Amino acid sequence: MPESEYEIEIFRAQGFRRLQCASCGKFFWTLGDHSICGERPCQEYDFIGNSPFKKSLTVRAMREDFISFMEANGHTRVRRYPIVARWREDVFFTQASVYPFQPWVISGEASPPANPLVISQPCVRFVDIDNVGKTGQHFTLFEMMAHHAFNFPGKPIYWKDRTVELCHRFLVERLGMDPGLVRYKESWWQGGGNSGPCLEVVFGGAEAGTLVFMQYRDTNGHRVPMETTVVDTGYGLERLVWLSQGTTSAYEAVFGDALAYLKRATGAKKVDTRVLTEYSKVAGMFDVETAADVRAIRAKTAARLGIPVEELVAQLAPLEALYVICDHSRALMFLLGDGVVPSNSREGYFARLLIRRGLRTLRNLNITYSMADTISFLIDQNREDYPELFFNKGDILKLLKVEEQRYRDTLEKGRGTVQRLEERVRAAGGQSIGLGALIELYDSHGLTPDVVKEFATLGVEVPDDFSVPSPPRGRSGLSFRRTSRQPDCGCTRTGGSRSSARRSSPSTEAPSSWTRRSSIRRGAGRRRTAARSAGGMSWTCSGSGTSSSTS
């Protein structure tokens, strides 16, 4: 994009300079004296133990600081939308703050609940589920804080100048950051059929937010100017909390009390701060996509620390397990609270996936403890912010109890299934369980490679790019998928092979090949639902047999 796309009033007024990164060649704007853009792979995290902010904030405090700042600057606070995107046909879940407004508000068919508005929207993505706990930063569920402005024809609200001004003032005035530290990196965003220039907000070696100026509609390979242009910002709540606390990992900052509770309950040993710090710094430089990447992170960290990889893994493994339990419990709190019933298809598949991954992690820790304990703790902790989850607490815990029993039944049957498979492999002269057998075990019996390895006495060949993020074919009509270094988030309403999927920005899912009945494909009711806040409304998916109230 030409430089003119990024000529912002605050840059001119305050004397920002446009520089080119000496490492990656990308352009950025800054008041400081920087030779690089400040983001991976050009720079490591430098905020651990050295926060760029003047105050350390909890999740709740950071959320309220952001929302109240935007309210004081002319925005209306909007409550969260459901985490299940029942108003959209292309995805199962809300994966970005702009999702509730695509497509109906952006197309002009419905009005936004306020304009401009500010929101902190819980989102869920499954693209990095295998990395949760292992990188210091990946989450299944996260909150995307945002201020949005919808510039309808003849009714402009604000555009680039005001957007960047609000971002910069929030960082400097509210969080107390040195204005010379932040770098605004020029980039391009596209997703959900729309695109436009954007600025990535970078400091401390991390990207803290993205300011998107949605101005094109992508049609048949061509960019067509949109009638309604949209300010689509996204500030990572968890990332900002981590930056403010400067802890050894994002999990330590975000899960705080819940993690401390788990550590006490499990008797987890304290891990040396230097080990955790170096691990997070190394992991932050990687675009982690496969098990091979995780091994590379561990090898590089161990080399830095001067210890064997095995010793590093032994120290980290128990703590990583606790991170997984916290992450999956928080995601389930929202999924189950918003009406998802665990099953082997559609949204329910992902809830069951999280429950069973969490239960397996607990089994490996060999402790008498349940996921319900953590979820109950989190629900109570978030009672004031999300009272609807506390209201549904009884149902959430009942669902968990049922799923725990089903998982135990599956394991009992699975042990015998694996033993019978091994007998056939040995009879055929084989020495290990290969890829084809793993696919069959998962597809027909729901047994993941980790479970198979636990039961098997033969070797188990699991490729680095093997994953199971979509509902099993035999149970939902969707095909089994295997990655080709590009895992899909697993949240699109689509079948097909995983090799055709893309790792992407929040809104770039491929078009759906899964269709609904025509009676629910369109309709004013769905458009109205998308335009309203989740607070105090009931939402229903016609034809799905599900409805829920969010307050």
# chains A, B, ... in the order shown; residues from 1 in each chain; ligands from 1
call {"tool": "residues_around", "arguments": {"residues": "Pro52 in chain A", "least_positions_apart": "6", "cutoff": "12 Å", "atoms": "only C-alpha atoms", "output": "short mmCIF file (atom, residue, chain, number, x, y, z; two decimals) with N, CA and C atoms, in the first residue's frame"}}
result
data_model
loop_
_atom_site.label_atom_id
_atom_site.label_comp_id
_atom_site.auth_asym_id
_atom_site.auth_seq_id
_atom_site.Cartn_x
_atom_site.Cartn_y
_atom_site.Cartn_z
N TYR A 45 10.73 -10.74 23.09
CA TYR A 45 10.03 -10.03 24.15
C TYR A 45 11.05 -9.37 25.08
N ASP A 46 10.82 -8.11 25.42
CA ASP A 46 11.69 -7.46 26.40
C ASP A 46 10.90 -6.89 27.57
N LEU A 171 -2.86 4.16 25.51
CA LEU A 171 -1.59 3.60 25.94
C LEU A 171 -0.80 4.57 26.81
N VAL A 172 -0.78 5.83 26.40
CA VAL A 172 0.05 6.83 27.09
C VAL A 172 -0.65 7.40 28.32
N LEU A 175 -2.45 3.93 30.50
CA LEU A 175 -1.53 2.89 30.93
C LEU A 175 -0.14 3.42 31.29
N GLY A 176 0.10 4.69 30.98
CA GLY A 176 1.35 5.32 31.39
C GLY A 176 2.57 4.90 30.60
N MET A 177 2.39 4.53 29.35
CA MET A 177 3.51 4.06 28.55
C MET A 177 4.31 5.23 27.96
N ASP A 178 5.59 5.07 27.85
CA ASP A 178 6.46 6.04 27.18
C ASP A 178 6.03 6.10 25.71
N PRO A 179 5.59 7.27 25.21
CA PRO A 179 5.11 7.35 23.82
C PRO A 179 6.15 6.96 22.78
N GLY A 180 7.42 6.98 23.16
CA GLY A 180 8.47 6.61 22.21
C GLY A 180 8.64 5.11 22.03
N LEU A 181 8.00 4.31 22.88
CA LEU A 181 8.17 2.87 22.79
C LEU A 181 7.32 2.23 21.70
N VAL A 182 6.12 2.77 21.48
CA VAL A 182 5.18 2.13 20.57
C VAL A 182 5.58 2.34 19.12
N VAL A 202 2.68 -2.25 18.12
CA VAL A 202 3.76 -3.12 18.60
C VAL A 202 4.63 -2.39 19.63
N PHE A 203 4.93 -3.10 20.72
CA PHE A 203 5.93 -2.62 21.69
C PHE A 203 6.31 -3.79 22.59
N GLY A 204 7.48 -3.71 23.18
CA GLY A 204 7.94 -4.78 24.05
C GLY A 204 8.24 -6.07 23.32
N GLY A 205 8.31 -6.02 22.00
CA GLY A 205 8.53 -7.23 21.21
C GLY A 205 7.24 -7.97 20.88
N ALA A 206 6.08 -7.39 21.25
CA ALA A 206 4.79 -8.06 21.06
C ALA A 206 3.80 -7.14 20.35
N ALA A 208 0.23 -5.76 20.43
CA ALA A 208 -0.81 -5.60 21.44
C ALA A 208 -2.18 -5.32 20.85
N LEU A 240 -2.44 -7.54 26.74
CA LEU A 240 -2.21 -6.29 27.47
C LEU A 240 -2.02 -6.55 28.96
N VAL A 241 -2.77 -7.49 29.50
CA VAL A 241 -2.60 -7.84 30.92
C VAL A 241 -1.20 -8.40 31.15
N TRP A 242 -0.77 -9.26 30.25
CA TRP A 242 0.58 -9.83 30.34
C TRP A 242 1.63 -8.73 30.27
N LEU A 243 1.48 -7.81 29.33
CA LEU A 243 2.42 -6.70 29.20
C LEU A 243 2.44 -5.84 30.46
N SER A 244 1.29 -5.67 31.08
CA SER A 244 1.23 -4.82 32.27
C SER A 244 1.88 -5.47 33.49
N GLN A 245 1.77 -6.80 33.57
CA GLN A 245 2.33 -7.50 34.73
C GLN A 245 3.77 -7.96 34.52
N GLY A 246 4.14 -8.18 33.25
CA GLY A 246 5.51 -8.61 32.96
C GLY A 246 5.85 -9.96 33.53
#
call {"tool": "residues_around", "arguments": {"residues": "Thr374 in chain A", "least_positions_apart": "4", "cutoff": "8 Å", "atoms": "only C-alpha atoms", "output": "VMD selection string"}}
result
chain A and resid 258 262 325 to 326 329 370 378
call {"tool": "closest_residue", "arguments": {"among": "A:Gly15, A:Pro116, A:Gly154, A:Gly434", "to": "Thr228 in chain A", "atoms": "only C-alpha atoms"}}
result
A:Gly154
call {"tool": "residues_around", "arguments": {"residues": "Tyr323 in chain A", "least_positions_apart": "3", "cutoff": "9 Å", "atoms": "only C-alpha atoms", "output": "list in words"}}
result
Val132, Gly133, Lys134, Gly136, Tyr251, Glu252, Phe255, Leu259, Pro318, Leu319, Glu320, Cys326, Asp327 and His328 of chain A
call {"tool": "residues_around", "arguments": {"residues": "Arg406 in chain A", "least_positions_apart": "3", "cutoff": "12 Å", "atoms": "only C-alpha atoms", "output": "list in words"}}
result
Pro342, Ser343, Arg352, Ile355, Arg356, Leu359, Leu399, Leu400, Lys401, Val402, Glu403, Asp409, Thr410, Leu411, Glu412, Lys413, Gly414 and Gly446 of chain A
call {"tool": "residues_around", "arguments": {"residues": "Gly459 in chain A", "least_positions_apart": "4", "cutoff": "8 Å", "atoms": "only C-alpha atoms", "output": "list in words"}}
result
Gln431, Ser432, Ile433 and Lys453 of chain A
call {"tool": "write_last_selection", "arguments": {"atoms": "C-alpha atoms", "output": "mmCIF file, in the first residue's frame"}}
result
data_model
loop_
_atom_site.group_PDB
_atom_site.id
_atom_site.type_symbol
_atom_site.label_atom_id
_atom_site.label_comp_id
_atom_site.auth_asym_id
_atom_site.auth_seq_id
_atom_site.Cartn_x
_atom_site.Cartn_y
_atom_site.Cartn_z
ATOM 1 C CA GLN A 431 5.981 -53.555 14.505
ATOM 2 C CA SER A 432 3.990 -50.352 14.978
ATOM 3 C CA ILE A 433 0.579 -48.694 14.594
ATOM 4 C CA LYS A 453 -0.162 -44.309 22.681
#
call {"tool": "select_by_dssp", "arguments": {"residues": "range 18-162 of chain A", "states": "strand (DSSP E)", "output": "list of chain:residue names"}}
result
A:Arg18, A:Leu19, A:Gln20, A:Phe27, A:Phe28, A:Trp29, A:Thr30, A:Thr76, A:Arg77, A:Leu117, A:Val118, A:Ile119, A:Ser120, A:Gln121, A:Pro122, A:Cys123, A:Val124, A:Leu141, A:Phe142, A:Glu143, A:Met144, A:Met145, A:Ala146, A:His147, A:His148, A:Ala149, A:Phe150, A:Asn151
call {"tool": "write_last_selection", "arguments": {"atoms": "N, CA and C atoms", "output": "compact mmCIF listing (two decimals), in the first residue's frame"}}
result
# COMPACT_ATOMS: atom_id res chain seq x y z
N ARG A 18 8.47 7.83 9.73
CA ARG A 18 8.22 6.56 9.02
C ARG A 18 9.58 5.92 8.72
N LEU A 19 9.81 4.74 9.35
CA LEU A 19 11.08 4.05 9.20
C LEU A 19 10.87 2.67 8.58
N GLN A 20 11.94 2.12 8.06
CA GLN A 20 11.88 0.77 7.49
C GLN A 20 12.69 -0.17 8.36
N PHE A 27 7.57 -1.26 6.91
CA PHE A 27 7.58 0.13 7.37
C PHE A 27 6.76 0.29 8.65
N PHE A 28 7.20 1.22 9.50
CA PHE A 28 6.49 1.49 10.74
C PHE A 28 6.67 2.96 11.11
N TRP A 29 5.78 3.44 11.99
CA TRP A 29 5.81 4.83 12.44
C TRP A 29 6.12 4.86 13.93
N THR A 30 6.99 5.78 14.34
CA THR A 30 7.39 5.82 15.74
C THR A 30 7.92 7.20 16.14
N THR A 76 -20.27 4.11 23.26
CA THR A 76 -21.28 3.45 24.09
C THR A 76 -20.84 2.03 24.40
N ARG A 77 -20.89 1.66 25.68
CA ARG A 77 -20.52 0.32 26.12
C ARG A 77 -21.59 -0.68 25.66
N LEU A 117 -19.14 2.30 19.20
CA LEU A 117 -19.34 1.45 20.35
C LEU A 117 -18.00 0.89 20.85
N VAL A 118 -18.01 0.42 22.10
CA VAL A 118 -16.85 -0.24 22.67
C VAL A 118 -17.32 -1.55 23.29
N ILE A 119 -16.53 -2.60 23.14
CA ILE A 119 -16.93 -3.93 23.57
C ILE A 119 -15.69 -4.73 23.97
N SER A 120 -15.87 -5.68 24.86
CA SER A 120 -14.84 -6.69 25.12
C SER A 120 -15.51 -8.03 24.85
N GLN A 121 -15.20 -8.62 23.71
CA GLN A 121 -15.91 -9.79 23.21
C GLN A 121 -15.12 -11.08 23.42
N PRO A 122 -15.65 -12.00 24.22
CA PRO A 122 -15.01 -13.32 24.31
C PRO A 122 -15.05 -14.02 22.95
N CYS A 123 -13.93 -14.58 22.56
CA CYS A 123 -13.80 -15.26 21.27
C CYS A 123 -13.15 -16.62 21.50
N VAL A 124 -13.39 -17.54 20.60
CA VAL A 124 -12.78 -18.85 20.73
C VAL A 124 -12.24 -19.28 19.37
N LEU A 141 -9.63 -19.66 24.33
CA LEU A 141 -10.55 -18.54 24.47
C LEU A 141 -9.78 -17.29 24.85
N PHE A 142 -10.16 -16.17 24.27
CA PHE A 142 -9.53 -14.90 24.59
C PHE A 142 -10.58 -13.81 24.45
N GLU A 143 -10.32 -12.66 25.01
CA GLU A 143 -11.22 -11.52 24.85
C GLU A 143 -10.58 -10.50 23.93
N MET A 144 -11.35 -10.09 22.94
CA MET A 144 -10.88 -9.05 22.04
C MET A 144 -11.60 -7.75 22.39
N MET A 145 -10.85 -6.82 22.95
CA MET A 145 -11.41 -5.50 23.23
C MET A 145 -11.37 -4.68 21.96
N ALA A 146 -12.39 -3.84 21.76
CA ALA A 146 -12.44 -3.10 20.50
C ALA A 146 -13.30 -1.86 20.61
N HIS A 147 -12.96 -0.88 19.80
CA HIS A 147 -13.87 0.23 19.54
C HIS A 147 -14.16 0.22 18.05
N HIS A 148 -15.44 0.22 17.72
CA HIS A 148 -15.88 0.14 16.32
C HIS A 148 -16.66 1.37 15.94
N ALA A 149 -16.48 1.79 14.70
CA ALA A 149 -17.26 2.89 14.13
C ALA A 149 -17.73 2.48 12.74
N PHE A 150 -19.01 2.67 12.48
CA PHE A 150 -19.60 2.29 11.19
C PHE A 150 -19.95 3.57 10.45
N ASN A 151 -19.20 3.82 9.38
CA ASN A 151 -19.38 5.05 8.61
C ASN A 151 -20.32 4.79 7.46
call {"tool": "residues_around", "arguments": {"residues": "Leu332 in chain A", "least_positions_apart": "6", "cutoff": "8 Å", "atoms": "only C-alpha atoms", "output": "PyMOL selection string"}}
result
chain A and resi 351+354-355+375
call {"tool": "closest_residue", "arguments": {"among": "A:Leu335, A:Glu3, A:Arg415, A:Asp293", "to": "Asp130 in chain A", "atoms": "only C-alpha atoms"}}
result
A:Asp293
call {"tool": "residues_around", "arguments": {"residues": "Pro197 in chain A", "least_positions_apart": "5", "cutoff": "9 Å", "atoms": "only C-alpha atoms", "output": "PDB file with N, CA and C atoms, in the first residue's frame"}}
result
ATOM      1  N   MET A   1       0.839  -1.197   0.000  1.00  0.00           N
ATOM      2  CA  MET A   1       0.000   0.000   0.000  1.00  0.00           C
ATOM      3  C   MET A   1       0.875   1.249   0.000  1.00  0.00           C
ATOM      4  N   GLU A   5      -1.735   5.965   2.526  1.00  0.00           N
ATOM      5  CA  GLU A   5      -2.755   5.252   3.297  1.00  0.00           C
ATOM      6  C   GLU A   5      -2.499   5.367   4.794  1.00  0.00           C
ATOM      7  N   TYR A   6      -1.264   5.698   5.169  1.00  0.00           N
ATOM      8  CA  TYR A   6      -0.896   5.714   6.584  1.00  0.00           C
ATOM      9  C   TYR A   6      -0.472   7.096   7.061  1.00  0.00           C
ATOM     10  N   GLU A 186       2.900  -0.788   9.441  1.00  0.00           N
ATOM     11  CA  GLU A 186       1.990  -0.820   8.293  1.00  0.00           C
ATOM     12  C   GLU A 186       1.736  -2.266   7.857  1.00  0.00           C
ATOM     13  N   SER A 187       0.472  -2.554   7.586  1.00  0.00           N
ATOM     14  CA  SER A 187       0.139  -3.898   7.143  1.00  0.00           C
ATOM     15  C   SER A 187      -1.164  -3.867   6.348  1.00  0.00           C
ATOM     16  N   TRP A 188      -1.636  -5.031   5.974  1.00  0.00           N
ATOM     17  CA  TRP A 188      -2.872  -5.171   5.204  1.00  0.00           C
ATOM     18  C   TRP A 188      -3.701  -6.283   5.817  1.00  0.00           C
ATOM     19  N   TRP A 189      -5.001  -6.057   5.931  1.00  0.00           N
ATOM     20  CA  TRP A 189      -5.903  -7.039   6.541  1.00  0.00           C
ATOM     21  C   TRP A 189      -6.972  -7.439   5.531  1.00  0.00           C
ATOM     22  N   GLN A 190      -7.332  -8.708   5.568  1.00  0.00           N
ATOM     23  CA  GLN A 190      -8.475  -9.150   4.775  1.00  0.00           C
ATOM     24  C   GLN A 190      -9.135 -10.324   5.464  1.00  0.00           C
ATOM     25  N   LEU A 211      -5.282  -2.079  14.275  1.00  0.00           N
ATOM     26  CA  LEU A 211      -6.241  -1.050  13.880  1.00  0.00           C
ATOM     27  C   LEU A 211      -6.539  -1.236  12.390  1.00  0.00           C
ATOM     28  N   VAL A 212      -7.709  -1.790  12.100  1.00  0.00           N
ATOM     29  CA  VAL A 212      -8.083  -2.122  10.724  1.00  0.00           C
ATOM     30  C   VAL A 212      -9.049  -1.081  10.183  1.00  0.00           C
ATOM     31  N   PHE A 213      -8.805  -0.683   8.944  1.00  0.00           N
ATOM     32  CA  PHE A 213      -9.684   0.270   8.264  1.00  0.00           C
ATOM     33  C   PHE A 213     -10.334  -0.459   7.093  1.00  0.00           C
ATOM     34  N   MET A 214     -11.485  -1.038   7.379  1.00  0.00           N
ATOM     35  CA  MET A 214     -12.177  -1.889   6.424  1.00  0.00           C
ATOM     36  C   MET A 214     -12.857  -1.006   5.375  1.00  0.00           C
ATOM     37  N   GLN A 215     -12.341  -1.056   4.144  1.00  0.00           N
ATOM     38  CA  GLN A 215     -12.862  -0.149   3.126  1.00  0.00           C
ATOM     39  C   GLN A 215     -13.111  -0.791   1.764  1.00  0.00           C
TER      40      GLN A 215
END
call {"tool": "atom_distance", "arguments": {"atom1": "CA of Glu388 in chain A", "atom2": "CA of Glu64 in chain A"}}
result
18.5 Å
